[in-house]
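A.B. asks: Starting off with a structure, shown below.
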There are 6 protein chains.
Amino acid sequence: MKSIAIYPGTFDPFTNGHLDIVKRAAAIFDKVVVAVLINGAKKPIFSVEERVSQLKECLKPFANVEVESFDGLLADYMTKRNINVAIRGLRAVSDLEYEFQIAHTNRMLKKDMETVFLMPSAKYTYLTSTIVREVYSHGGRIKDMLPENVERELIRVYGG
Amino acid sequence: MKSIAIYPGTFDPFTNGHLDIVKRAAAIFDKVVVAVLINGAKKPIFSVEERVSQLKECLKPFANVEVESFDGLLADYMTKRNINVAIRGLRAVSDLEYEFQIAHTNRMLKKDMETVFLMPSAKYTYLTSTIVREVYSHGGRIKDMLPENVERELIRVYGG
Amino acid sequence: MKSIAIYPGTFDPFTNGHLDIVKRAAAIFDKVVVAVLINGAKKPIFSVEERVSQLKECLKPFANVEVESFDGLLADYMTKRNINVAIRGLRAVSDLEYEFQIAHTNRMLKKDMETVFLMPSAKYTYLTSTIVREVYSHGGRIKDMLPENVERELIRVYGG
Amino acid sequence: MKSIAIYPGTFDPFTNGHLDIVKRAAAIFDKVVVAVLINGAKKPIFSVEERVSQLKECLKPFANVEVESFDGLLADYMTKRNINVAIRGLRAVSDLEYEFQIAHTNRMLKKDMETVFLMPSAKYTYLTSTIVREVYSHGGRIKDMLPENVERELIRVYGG
Amino acid sequence: MKSIAIYPGTFDPFTNGHLDIVKRAAAIFDKVVVAVLINGAKKPIFSVEERVSQLKECLKPFANVEVESFDGLLADYMTKRNINVAIRGLRAVSDLEYEFQIAHTNRMLKKDMETVFLMPSAKYTYLTSTIVREVYSHGGRIKDMLPENVERELIRVYGG
Amino acid sequence: MKSIAIYPGTFDPFTNGHLDIVKRAAAIFDKVVVAVLINGAKKPIFSVEERVSQLKECLKPFANVEVESFDGLLADYMTKRNINVAIRGLRAVSDLEYEFQIAHTNRMLKKDMETVFLMPSAKYTYLTSTIVREVYSHGGRIKDMLPENVERELIRVYGG
């Protein structure tokens, strides 16, 4: 049996915290599908295509990681792709209740679906895409917050 | 060495809970700068100028408190003003994680910046600017929620 | 003395979790008024009239439950209706702080007002109107989430 | 139908926070039974008899409040006394999870049992019997923490 | 690569909530080692040998689950057994911080160790070994709390 | 006015997380008194004298930090020493409620007392004296958890 898991998210932008979770997942499962949610962000910094392309580049070192995009309910997409395990990063107490709500709802929608929570490195406990966007929009330093190629793209498109 | 701290916020409106924190900070530090964030509120009740003026009036009794406004990232403003200590009121668990996220991000932006959390009087645990705006907009009684001059202005501008 | 309590909410839509709380309240108090807040939802699925009518139908089995709608502050409406006890369902930690904030504010507005918190059945811990709307809007299965007549109406109006 | 509720606790000692909850409960229910748990405290300050007697004295002003003691599981005692509603004070997030655990367990033990959570006045949010014992044992001032007669007894027995 | 995970605990007694987690883990990993911590309980109801034997009986239906006992630090035992993934059930907010503390400490002790958090069925959110011991010691009904064989043993040894 | 603050604790042992807080406090206040609570630990690893001596050694680089020990209530000791500001490290949500309880109680005992909460570096979020004791007692690696001289003493006294 090959174990396979999906790591869904908006990833706008994909941070070093997300990367940390992918690394951990890739060491646990035979295959990890990183899936960018279409329409997850209201006014995205990067289009879904740009995010998929950036993710493919920075996740190239991980042989068992694939990058995709999906639309609609995660439970439906997992049924279509025949995947039963979803991965979520868990950073803090406020995350927990939201994540539990999502995970329990997913179980109602798809009985055999399991959500696996991983804990990022402590240094990423307070790093989120929202924080990155906020800091960047005010001209703040985002060094060490993003994978190199994502940071480079951000500066190329929006200026530094 | 004269100790100096900044107390940043949107203060729309400035409540008795905020006033409680300023009093405590003024008893700890040699100088406290209360700094109104420009563009912090989407559709403010009071303009930044009005808030600065109201704050100056109600904080007049505190000889070591100054009122200013600032734009952009707090970390940048603190560097410009040569201040290393920021003050935040901490009321509840949900505050904590948001405040920690902000404080850790600020540390990434400015290494020597320290956030000092103060606890308001228990009676202000559940008082926020949002609550005041909500109650007032429905014609509710806001007595004891705001400093006298702020309440007076609110009634003068919006009616009571 | 006949004990009477009000259960206020937006109920857009009214879920099986809400129904669970009404049942519990109806077993404790002589009379329970379920009160739909007018203007509580930005872009409601159902109009206030539709919700009142749906609630009347599915709460018919409870002889001591009445359904109404109200506008403005709950504290004012309770004063007008001469009711002192408000009921709120409490599901999780994140609920708690928001509910405490509301309840303490209500006490400032109406001294003799008491908020009584009830705990829903564990299986409804993660069920909210927001979750139902989200799942339904993406074509997900909402079976077991809503009272039968509310689910039927949802499908009749929006399609299944 | 006369509504009746039980307020169980160790009450060693009974604080002004407990008194606040009794007052609120007595305004909601036709009758409130305050029930001191026998064997609830390892090395009690006051014996169960002393606590019952102190409670009877300070709760005399409330015509619809009775004081008792009980042993064993609350659910069993409530069945014996034919009471279905238990009252608990809810002060903080850490309370919530413990109280929910108790309340859900009680529901497993007695299907028709309901736990009603009341919120004390904000000024009692951080007052517990443990805090009182700790402060008193180190010679600290416990004024305003206890009903007058309980404080008097504490000083009479243990010195002030 | 065969995926293998360890599920460590005191399991005194092993509850239906623990069983729920084992089932979920067994569906995700190729092999799951359930490991009873020696000396985890001060005054255990069942000896480690009894617990291992009970667990072996009730987990017999799961072909890919093994039962063991271990002493000392989990990180050391996992190194010895060449296992990198530990499983923990996550029920509530108060669990989270304790579990994060353990998991981060384990990472300091063993760099390649990963903790995977699973969410039990909602009906087990409030079920713990402590609750079972407490209820049982007061003669309460523990039906539906324990696997059949564990309940039977409890009654055989301690009476019902 | 020279600002002075006290940092009280049991410090058994003093960890790198405590050291981190002292450094931050020493950068904010003119003088910081680190005060070891006598009788804070049931079965201490190090006597109060040993802890004071270890602290003096590892805090020698900080010219404005003094080390003392105290007995009884912190509020009383602060009155005697004429200090109004207490410092506490705040790591997590579970800390918060306990610390708020202590801080509010201290305010009841000493009106002009202020508690200032500082946030340790993210890497120390999950490091506590209890964790260190637990890991060490099972022969685990405590490197990077303690100041060098404290670690050396631990190994000298208890073996490595």
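In the structure tokens, each chain is lettered A, B, ... as it comes, each chain's residues begin at 1, and ligands are numbered from 1 in order of appearance.
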Quick one: everything within 8 Å of stretch 25-38 of chain A, counting only C-alpha atoms, minus sequence neighbours fewer than 2 positions away in the same chain. Send it as JSON, numbers by chain.

C.D. replies: {"A": [2, 3, 4, 5, 6, 7, 8, 9, 10, 11, 21, 22, 23, 40, 41, 48, 51, 52, 62, 64, 65, 66, 67, 68, 69, 70, 71, 72, 87, 118], "E": [1, 3, 85]}

A.B. asks: Using DSSP on the backbone coordinates, identify the residues of chain B assigned to helix (DSSP H, G or I); present them as a short mmCIF file (atom, residue, chain, number, x, y, z; two decimals) with N, CA, C and O atoms, in the first residue's frame.

C.D. replies:
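And here is the file that came out, states_25.cif:
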```cif
data_model
loop_
_atom_site.label_atom_id
_atom_site.label_comp_id
_atom_site.auth_asym_id
_atom_site.auth_seq_id
_atom_site.Cartn_x
_atom_site.Cartn_y
_atom_site.Cartn_z
N ASN B 16 -12.34 53.86 27.80
CA ASN B 16 -11.81 53.88 29.17
C ASN B 16 -10.83 52.73 29.42
O ASN B 16 -9.99 52.81 30.31
N GLY B 17 -10.94 51.67 28.63
CA GLY B 17 -9.97 50.58 28.71
C GLY B 17 -8.59 51.03 28.22
O GLY B 17 -7.57 50.74 28.83
N HIS B 18 -8.57 51.77 27.11
CA HIS B 18 -7.31 52.34 26.62
C HIS B 18 -6.72 53.30 27.64
O HIS B 18 -5.52 53.28 27.90
N LEU B 19 -7.60 54.14 28.19
CA LEU B 19 -7.14 55.12 29.19
C LEU B 19 -6.49 54.41 30.38
O LEU B 19 -5.45 54.84 30.90
N ASP B 20 -7.09 53.31 30.80
CA ASP B 20 -6.56 52.52 31.91
C ASP B 20 -5.14 52.05 31.61
O ASP B 20 -4.25 52.10 32.48
N ILE B 21 -4.90 51.61 30.37
CA ILE B 21 -3.56 51.15 29.99
C ILE B 21 -2.56 52.32 29.97
O ILE B 21 -1.43 52.18 30.44
N VAL B 22 -2.99 53.46 29.45
CA VAL B 22 -2.09 54.63 29.42
C VAL B 22 -1.66 55.01 30.84
O VAL B 22 -0.48 55.24 31.10
N LYS B 23 -2.62 55.03 31.76
CA LYS B 23 -2.31 55.36 33.16
C LYS B 23 -1.25 54.42 33.72
O LYS B 23 -0.30 54.83 34.40
N ARG B 24 -1.42 53.14 33.47
CA ARG B 24 -0.47 52.15 33.99
C ARG B 24 0.91 52.34 33.35
O ARG B 24 1.94 52.28 34.04
N ALA B 25 0.92 52.56 32.04
CA ALA B 25 2.19 52.75 31.34
C ALA B 25 2.91 54.00 31.85
O ALA B 25 4.13 54.00 32.04
N ALA B 26 2.12 55.07 32.08
CA ALA B 26 2.71 56.33 32.53
C ALA B 26 3.34 56.22 33.92
O ALA B 26 4.21 57.00 34.29
N ALA B 27 2.88 55.22 34.69
CA ALA B 27 3.46 55.01 36.02
C ALA B 27 4.73 54.15 35.95
O ALA B 27 5.48 54.06 36.92
N ILE B 28 4.96 53.51 34.83
CA ILE B 28 6.12 52.62 34.69
C ILE B 28 7.26 53.28 33.92
O ILE B 28 8.42 53.14 34.28
N VAL B 48 -8.37 60.95 12.01
CA VAL B 48 -7.15 60.84 12.82
C VAL B 48 -6.91 62.15 13.58
O VAL B 48 -6.55 62.14 14.76
N GLU B 49 -7.13 63.29 12.91
CA GLU B 49 -6.91 64.59 13.55
C GLU B 49 -7.85 64.75 14.77
O GLU B 49 -7.44 65.22 15.83
N GLU B 50 -9.11 64.35 14.58
CA GLU B 50 -10.06 64.45 15.70
C GLU B 50 -9.62 63.56 16.87
O GLU B 50 -9.65 63.98 18.03
N ARG B 51 -9.17 62.33 16.53
CA ARG B 51 -8.75 61.43 17.60
C ARG B 51 -7.52 61.97 18.33
O ARG B 51 -7.47 61.95 19.56
N VAL B 52 -6.54 62.49 17.57
CA VAL B 52 -5.35 63.05 18.21
C VAL B 52 -5.75 64.18 19.14
O VAL B 52 -5.29 64.29 20.29
N SER B 53 -6.66 65.02 18.67
CA SER B 53 -7.09 66.17 19.48
C SER B 53 -7.85 65.72 20.73
O SER B 53 -7.65 66.24 21.83
N GLN B 54 -8.72 64.72 20.58
CA GLN B 54 -9.46 64.19 21.74
C GLN B 54 -8.51 63.57 22.76
O GLN B 54 -8.66 63.74 23.97
N LEU B 55 -7.51 62.82 22.24
CA LEU B 55 -6.55 62.16 23.12
C LEU B 55 -5.73 63.20 23.88
O LEU B 55 -5.47 63.04 25.08
N LYS B 56 -5.31 64.23 23.17
CA LYS B 56 -4.53 65.29 23.82
C LYS B 56 -5.32 65.90 24.97
O LYS B 56 -4.77 66.15 26.05
N GLU B 57 -6.60 66.09 24.74
CA GLU B 57 -7.42 66.70 25.79
C GLU B 57 -7.54 65.76 27.00
O GLU B 57 -7.27 66.16 28.13
N CYS B 58 -7.91 64.53 26.76
CA CYS B 58 -8.18 63.67 27.92
C CYS B 58 -6.91 63.14 28.58
O CYS B 58 -6.96 62.62 29.70
N LEU B 74 4.66 49.91 12.35
CA LEU B 74 5.07 50.39 13.67
C LEU B 74 6.58 50.29 13.85
O LEU B 74 7.22 51.20 14.38
N ALA B 75 7.16 49.17 13.40
CA ALA B 75 8.60 48.96 13.57
C ALA B 75 9.40 50.09 12.91
O ALA B 75 10.38 50.58 13.48
N ASP B 76 8.98 50.51 11.73
CA ASP B 76 9.68 51.60 11.02
C ASP B 76 9.53 52.91 11.80
O ASP B 76 10.49 53.67 11.94
N TYR B 77 8.31 53.16 12.27
CA TYR B 77 8.09 54.41 13.00
C TYR B 77 8.91 54.44 14.29
O TYR B 77 9.48 55.48 14.66
N MET B 78 9.00 53.31 14.96
CA MET B 78 9.79 53.25 16.19
C MET B 78 11.27 53.48 15.92
O MET B 78 11.97 54.12 16.71
N THR B 79 11.76 52.94 14.81
CA THR B 79 13.16 53.17 14.44
C THR B 79 13.38 54.67 14.22
O THR B 79 14.36 55.24 14.72
N LYS B 80 12.47 55.30 13.47
CA LYS B 80 12.59 56.73 13.18
C LYS B 80 12.56 57.56 14.46
O LYS B 80 13.32 58.51 14.62
N ARG B 81 11.70 57.17 15.37
CA ARG B 81 11.54 57.91 16.63
C ARG B 81 12.53 57.45 17.69
O ARG B 81 12.53 57.97 18.80
N VAL B 93 -7.70 35.61 26.00
CA VAL B 93 -6.97 34.58 25.27
C VAL B 93 -6.93 34.87 23.77
O VAL B 93 -5.90 34.71 23.12
N SER B 94 -8.05 35.31 23.22
CA SER B 94 -8.07 35.57 21.78
C SER B 94 -7.15 36.73 21.42
O SER B 94 -6.56 36.76 20.36
N ASP B 95 -7.05 37.71 22.31
CA ASP B 95 -6.06 38.78 22.12
C ASP B 95 -4.67 38.19 21.99
O ASP B 95 -3.88 38.57 21.13
N LEU B 96 -4.36 37.27 22.89
CA LEU B 96 -2.99 36.82 23.06
C LEU B 96 -2.35 36.35 21.78
O LEU B 96 -1.24 36.75 21.43
N GLU B 97 -3.04 35.47 21.06
CA GLU B 97 -2.41 34.89 19.88
C GLU B 97 -2.22 35.93 18.79
O GLU B 97 -1.19 35.94 18.10
N TYR B 98 -3.18 36.82 18.63
CA TYR B 98 -3.04 37.89 17.66
C TYR B 98 -1.87 38.78 18.05
O TYR B 98 -1.03 39.11 17.22
N GLU B 99 -1.82 39.14 19.31
CA GLU B 99 -0.75 40.03 19.78
C GLU B 99 0.63 39.37 19.66
O GLU B 99 1.61 40.03 19.34
N PHE B 100 0.70 38.09 19.95
CA PHE B 100 1.97 37.37 19.82
C PHE B 100 2.42 37.35 18.36
O PHE B 100 3.61 37.48 18.06
N GLN B 101 1.47 37.16 17.47
CA GLN B 101 1.78 37.14 16.04
C GLN B 101 2.38 38.49 15.62
O GLN B 101 3.42 38.55 14.97
N ILE B 102 1.72 39.57 16.05
CA ILE B 102 2.19 40.92 15.75
C ILE B 102 3.59 41.13 16.38
O ILE B 102 4.51 41.60 15.72
N ALA B 103 3.72 40.75 17.63
CA ALA B 103 4.96 41.02 18.36
C ALA B 103 6.14 40.24 17.77
O ALA B 103 7.25 40.76 17.67
N HIS B 104 5.89 38.98 17.38
CA HIS B 104 6.97 38.20 16.78
C HIS B 104 7.34 38.75 15.42
O HIS B 104 8.52 38.77 15.05
N THR B 105 6.34 39.19 14.66
CA THR B 105 6.63 39.80 13.35
C THR B 105 7.45 41.06 13.55
O THR B 105 8.43 41.30 12.85
N ASN B 106 7.08 41.87 14.52
CA ASN B 106 7.83 43.09 14.79
C ASN B 106 9.28 42.78 15.16
O ASN B 106 10.19 43.50 14.75
N ARG B 107 9.49 41.70 15.88
CA ARG B 107 10.87 41.32 16.22
C ARG B 107 11.67 40.93 14.99
O ARG B 107 12.89 41.13 14.95
N MET B 108 10.98 40.33 14.01
CA MET B 108 11.68 39.99 12.76
C MET B 108 12.06 41.27 12.02
O MET B 108 13.08 41.33 11.35
N LEU B 109 11.20 42.28 12.14
CA LEU B 109 11.42 43.53 11.41
C LEU B 109 12.43 44.44 12.11
O LEU B 109 13.09 45.26 11.49
N ALA B 122 -9.93 44.65 35.64
CA ALA B 122 -10.86 43.58 35.28
C ALA B 122 -12.15 44.12 34.68
O ALA B 122 -12.74 43.52 33.79
N LYS B 123 -12.59 45.29 35.13
CA LYS B 123 -13.87 45.80 34.63
C LYS B 123 -13.81 46.21 33.16
O LYS B 123 -14.85 46.42 32.54
N TYR B 124 -12.60 46.32 32.60
CA TYR B 124 -12.48 46.67 31.19
C TYR B 124 -12.15 45.46 30.32
O TYR B 124 -11.85 45.60 29.13
N SER B 129 -13.32 49.05 21.29
CA SER B 129 -13.85 50.09 20.41
C SER B 129 -14.99 49.54 19.55
O SER B 129 -15.99 50.22 19.30
N THR B 130 -14.86 48.31 19.11
CA THR B 130 -15.88 47.69 18.27
C THR B 130 -17.22 47.60 19.01
O THR B 130 -18.27 47.91 18.47
N ILE B 131 -17.15 47.15 20.27
CA ILE B 131 -18.36 47.06 21.10
C ILE B 131 -19.00 48.44 21.23
O ILE B 131 -20.22 48.59 21.07
N VAL B 132 -18.20 49.45 21.50
CA VAL B 132 -18.74 50.80 21.67
C VAL B 132 -19.44 51.25 20.39
O VAL B 132 -20.57 51.75 20.43
N ARG B 133 -18.79 51.06 19.25
CA ARG B 133 -19.39 51.47 17.97
C ARG B 133 -20.70 50.73 17.73
O ARG B 133 -21.70 51.33 17.31
N GLU B 134 -20.71 49.42 18.02
CA GLU B 134 -21.89 48.60 17.80
C GLU B 134 -23.06 49.07 18.68
O GLU B 134 -24.19 49.27 18.19
N VAL B 135 -22.77 49.25 19.95
CA VAL B 135 -23.83 49.67 20.89
C VAL B 135 -24.35 51.04 20.48
O VAL B 135 -25.56 51.27 20.40
N TYR B 136 -23.43 51.97 20.21
CA TYR B 136 -23.83 53.33 19.90
C TYR B 136 -24.69 53.39 18.63
O TYR B 136 -25.70 54.09 18.56
N SER B 137 -24.30 52.59 17.61
CA SER B 137 -25.02 52.63 16.33
C SER B 137 -26.45 52.12 16.47
O SER B 137 -27.30 52.39 15.62
N GLU B 148 -14.95 61.22 29.21
CA GLU B 148 -16.04 62.21 29.08
C GLU B 148 -15.98 63.01 27.79
O GLU B 148 -17.00 63.17 27.10
N ASN B 149 -14.80 63.52 27.45
CA ASN B 149 -14.74 64.38 26.26
C ASN B 149 -14.97 63.61 24.97
O ASN B 149 -15.53 64.14 24.02
N VAL B 150 -14.57 62.34 24.94
CA VAL B 150 -14.80 61.53 23.74
C VAL B 150 -16.29 61.24 23.60
O VAL B 150 -16.86 61.35 22.51
N GLU B 151 -16.93 60.92 24.70
CA GLU B 151 -18.37 60.66 24.67
C GLU B 151 -19.12 61.91 24.20
O GLU B 151 -20.04 61.84 23.38
N ARG B 152 -18.71 63.07 24.75
CA ARG B 152 -19.34 64.35 24.38
C ARG B 152 -19.23 64.60 22.88
O ARG B 152 -20.19 64.97 22.22
N GLU B 153 -18.04 64.36 22.34
CA GLU B 153 -17.82 64.57 20.91
C GLU B 153 -18.68 63.63 20.06
O GLU B 153 -19.24 64.02 19.04
N LEU B 154 -18.75 62.39 20.51
CA LEU B 154 -19.54 61.39 19.79
C LEU B 154 -20.99 61.85 19.68
O LEU B 154 -21.62 61.79 18.60
N ILE B 155 -21.52 62.35 20.80
CA ILE B 155 -22.92 62.80 20.82
C ILE B 155 -23.09 64.08 20.00
O ILE B 155 -24.08 64.25 19.29
N ARG B 156 -22.09 64.97 20.09
CA ARG B 156 -22.17 66.22 19.33
C ARG B 156 -22.22 65.94 17.82
O ARG B 156 -23.02 66.52 17.08
N VAL B 157 -21.37 65.01 17.36
CA VAL B 157 -21.26 64.75 15.93
C VAL B 157 -22.38 63.85 15.41
O VAL B 157 -22.95 64.09 14.35
N TYR B 158 -22.65 62.80 16.18
CA TYR B 158 -23.60 61.80 15.68
C TYR B 158 -24.97 61.87 16.35
O TYR B 158 -25.88 61.13 15.98
#
```

A.B. asks: Could you do a least-squares fit of chain C on chain E over every C-alpha atom, in sequence order, and give the output as a compact mmCIF listing (two decimals) with C-alpha atoms, in the first residue's frame?

C.D. replies:
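Final file, out-v3.txt:
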```txt
# COMPACT_ATOMS: atom_id res chain seq x y z
CA MET C 1 8.96 2.05 2.14
CA LYS C 2 6.66 0.69 4.84
CA SER C 3 5.24 3.49 6.98
CA ILE C 4 5.22 2.79 10.70
CA ALA C 5 3.97 4.85 13.63
CA ILE C 6 3.90 4.52 17.40
CA TYR C 7 0.92 5.45 19.60
CA PRO C 8 2.25 5.90 23.15
CA GLY C 9 0.18 6.31 26.27
CA THR C 10 -0.56 5.22 29.81
CA PHE C 11 -3.94 3.77 28.82
CA ASP C 12 -5.12 3.18 32.40
CA PRO C 13 -7.67 2.25 31.29
CA PHE C 14 -7.72 2.16 27.48
CA THR C 15 -10.94 3.94 26.45
CA ASN C 16 -13.16 3.94 23.38
CA GLY C 17 -11.55 7.29 22.56
CA HIS C 18 -8.13 5.63 22.41
CA LEU C 19 -9.60 2.81 20.31
CA ASP C 20 -11.01 5.39 17.91
CA ILE C 21 -7.53 6.87 17.41
CA VAL C 22 -5.95 3.43 16.85
CA LYS C 23 -8.53 2.66 14.14
CA ARG C 24 -7.78 5.91 12.35
CA ALA C 25 -4.02 5.40 12.62
CA ALA C 26 -4.29 1.83 11.35
CA ALA C 27 -6.04 3.14 8.22
CA ILE C 28 -3.23 5.61 7.52
CA PHE C 29 -0.03 3.74 8.35
CA ASP C 30 1.25 0.32 7.26
CA LYS C 31 1.97 -0.59 10.85
CA VAL C 32 0.94 0.94 14.19
CA VAL C 33 2.71 0.12 17.46
CA VAL C 34 0.57 0.84 20.51
CA ALA C 35 3.06 1.33 23.34
CA VAL C 36 2.07 1.30 27.02
CA LEU C 37 4.28 3.55 29.12
CA ILE C 38 5.73 1.74 32.15
CA ASN C 39 5.48 3.90 35.31
CA GLY C 40 3.16 6.38 33.61
CA ALA C 41 0.48 6.00 36.30
CA LYS C 42 1.09 6.56 40.02
CA LYS C 43 -1.42 4.04 41.40
CA PRO C 44 -2.60 2.19 38.31
CA ILE C 45 -5.94 0.41 38.13
CA PHE C 46 -4.35 -2.25 35.94
CA SER C 47 -0.69 -3.33 35.88
CA VAL C 48 1.25 -2.73 32.67
CA GLU C 49 1.04 -6.46 31.91
CA GLU C 50 -2.72 -6.43 32.33
CA ARG C 51 -3.06 -3.42 30.07
CA VAL C 52 -0.85 -4.95 27.38
CA SER C 53 -2.90 -8.12 27.52
CA GLN C 54 -6.24 -6.24 27.36
CA LEU C 55 -5.01 -4.14 24.45
CA LYS C 56 -3.82 -7.23 22.57
CA GLU C 57 -7.26 -8.74 22.93
CA CYS C 58 -9.32 -5.75 21.86
CA LEU C 59 -6.94 -4.78 19.04
CA LYS C 60 -6.79 -8.32 17.59
CA PRO C 61 -9.14 -7.34 14.72
CA PHE C 62 -6.49 -4.92 13.41
CA ALA C 63 -3.90 -6.96 11.54
CA ASN C 64 -1.39 -4.12 11.31
CA VAL C 65 -1.45 -3.13 15.00
CA GLU C 66 1.03 -4.41 17.58
CA VAL C 67 1.06 -3.84 21.34
CA GLU C 68 4.20 -3.27 23.40
CA SER C 69 5.34 -1.57 26.60
CA PHE C 70 8.26 0.80 27.04
CA ASP C 71 10.16 2.62 29.76
CA GLY C 72 11.93 6.00 29.88
CA LEU C 73 11.77 8.70 27.21
CA LEU C 74 9.63 8.09 24.14
CA ALA C 75 12.33 9.62 21.93
CA ASP C 76 14.88 7.05 23.13
CA TYR C 77 12.48 4.17 22.64
CA MET C 78 11.64 5.32 19.12
CA THR C 79 15.34 5.52 18.26
CA LYS C 80 15.84 1.97 19.55
CA ARG C 81 12.82 0.71 17.60
CA ASN C 82 13.74 2.78 14.53
CA ILE C 83 10.37 4.54 14.39
CA ASN C 84 10.11 8.25 13.50
CA VAL C 85 6.41 8.98 13.73
CA ALA C 86 4.45 9.32 16.97
CA ILE C 87 0.66 9.58 17.04
CA ARG C 88 -1.31 11.64 19.51
CA GLY C 89 -5.04 12.23 19.82
CA LEU C 90 -6.02 15.87 19.99
CA ARG C 91 -9.35 16.63 21.60
CA ALA C 92 -9.33 20.15 22.93
CA VAL C 93 -7.51 23.41 23.34
CA SER C 94 -6.03 22.46 26.69
CA ASP C 95 -4.63 19.29 25.11
CA LEU C 96 -2.97 21.33 22.40
CA GLU C 97 -0.52 23.31 24.46
CA TYR C 98 0.55 20.33 26.54
CA GLU C 99 0.96 18.21 23.42
CA PHE C 100 2.91 20.94 21.62
CA GLN C 101 5.23 21.22 24.60
CA ILE C 102 5.84 17.46 24.53
CA ALA C 103 6.23 17.40 20.75
CA HIS C 104 8.70 20.29 20.65
CA THR C 105 10.72 18.75 23.46
CA ASN C 106 10.79 15.46 21.57
CA ARG C 107 12.10 17.29 18.50
CA MET C 108 14.94 18.70 20.61
CA LEU C 109 15.73 15.16 21.78
CA LYS C 110 15.40 13.47 18.37
CA LYS C 111 15.67 15.65 15.27
CA ASP C 112 13.93 13.33 12.81
CA MET C 113 10.97 12.62 15.07
CA GLU C 114 7.57 13.75 13.88
CA THR C 115 4.37 13.94 15.89
CA VAL C 116 1.16 13.38 13.97
CA PHE C 117 -2.05 14.59 15.62
CA LEU C 118 -5.34 12.85 14.89
CA MET C 119 -8.79 14.03 15.87
CA PRO C 120 -11.12 11.50 17.54
CA SER C 121 -14.80 11.24 16.71
CA ALA C 122 -16.71 14.19 18.23
CA LYS C 123 -18.50 11.90 20.67
CA TYR C 124 -15.18 11.10 22.36
CA THR C 125 -14.09 14.74 22.73
CA TYR C 126 -14.70 14.71 26.48
CA LEU C 127 -13.77 11.09 27.30
CA THR C 128 -10.51 10.52 29.20
CA SER C 129 -9.07 7.76 31.39
CA THR C 130 -9.26 10.14 34.34
CA ILE C 131 -12.99 10.68 33.82
CA VAL C 132 -13.57 6.92 33.60
CA ARG C 133 -11.63 6.27 36.83
CA GLU C 134 -13.47 9.07 38.61
CA VAL C 135 -16.92 7.91 37.53
CA TYR C 136 -16.18 4.25 38.26
CA SER C 137 -14.76 4.96 41.73
CA HIS C 138 -18.07 6.60 42.67
CA GLY C 139 -20.15 3.74 41.37
CA GLY C 140 -21.21 5.52 38.17
CA ARG C 141 -22.16 3.86 34.89
CA ILE C 142 -19.17 3.47 32.53
CA LYS C 143 -21.08 1.78 29.71
CA ASP C 144 -19.98 3.00 26.23
CA MET C 145 -16.78 4.45 27.67
CA LEU C 146 -14.54 1.36 27.40
CA PRO C 147 -13.98 -1.52 24.98
CA GLU C 148 -16.06 -4.50 26.13
CA ASN C 149 -13.19 -6.62 27.38
CA VAL C 150 -11.65 -3.75 29.35
CA GLU C 151 -14.99 -2.98 31.00
CA ARG C 152 -15.43 -6.67 31.81
CA GLU C 153 -12.00 -6.84 33.44
CA LEU C 154 -12.66 -3.69 35.45
CA ILE C 155 -15.85 -5.20 36.84
CA ARG C 156 -14.21 -8.58 37.46
CA VAL C 157 -11.35 -7.05 39.45
CA TYR C 158 -13.04 -4.16 41.22
CA GLY C 159 -16.67 -5.23 41.23
CA GLY C 160 -19.61 -3.57 39.51
```

A.B. asks: Write out as a count of residues only all residues of stretch 99-139 of chain A that backbone DSSP assigns to strand (DSSP E or B).

C.D. replies: 5
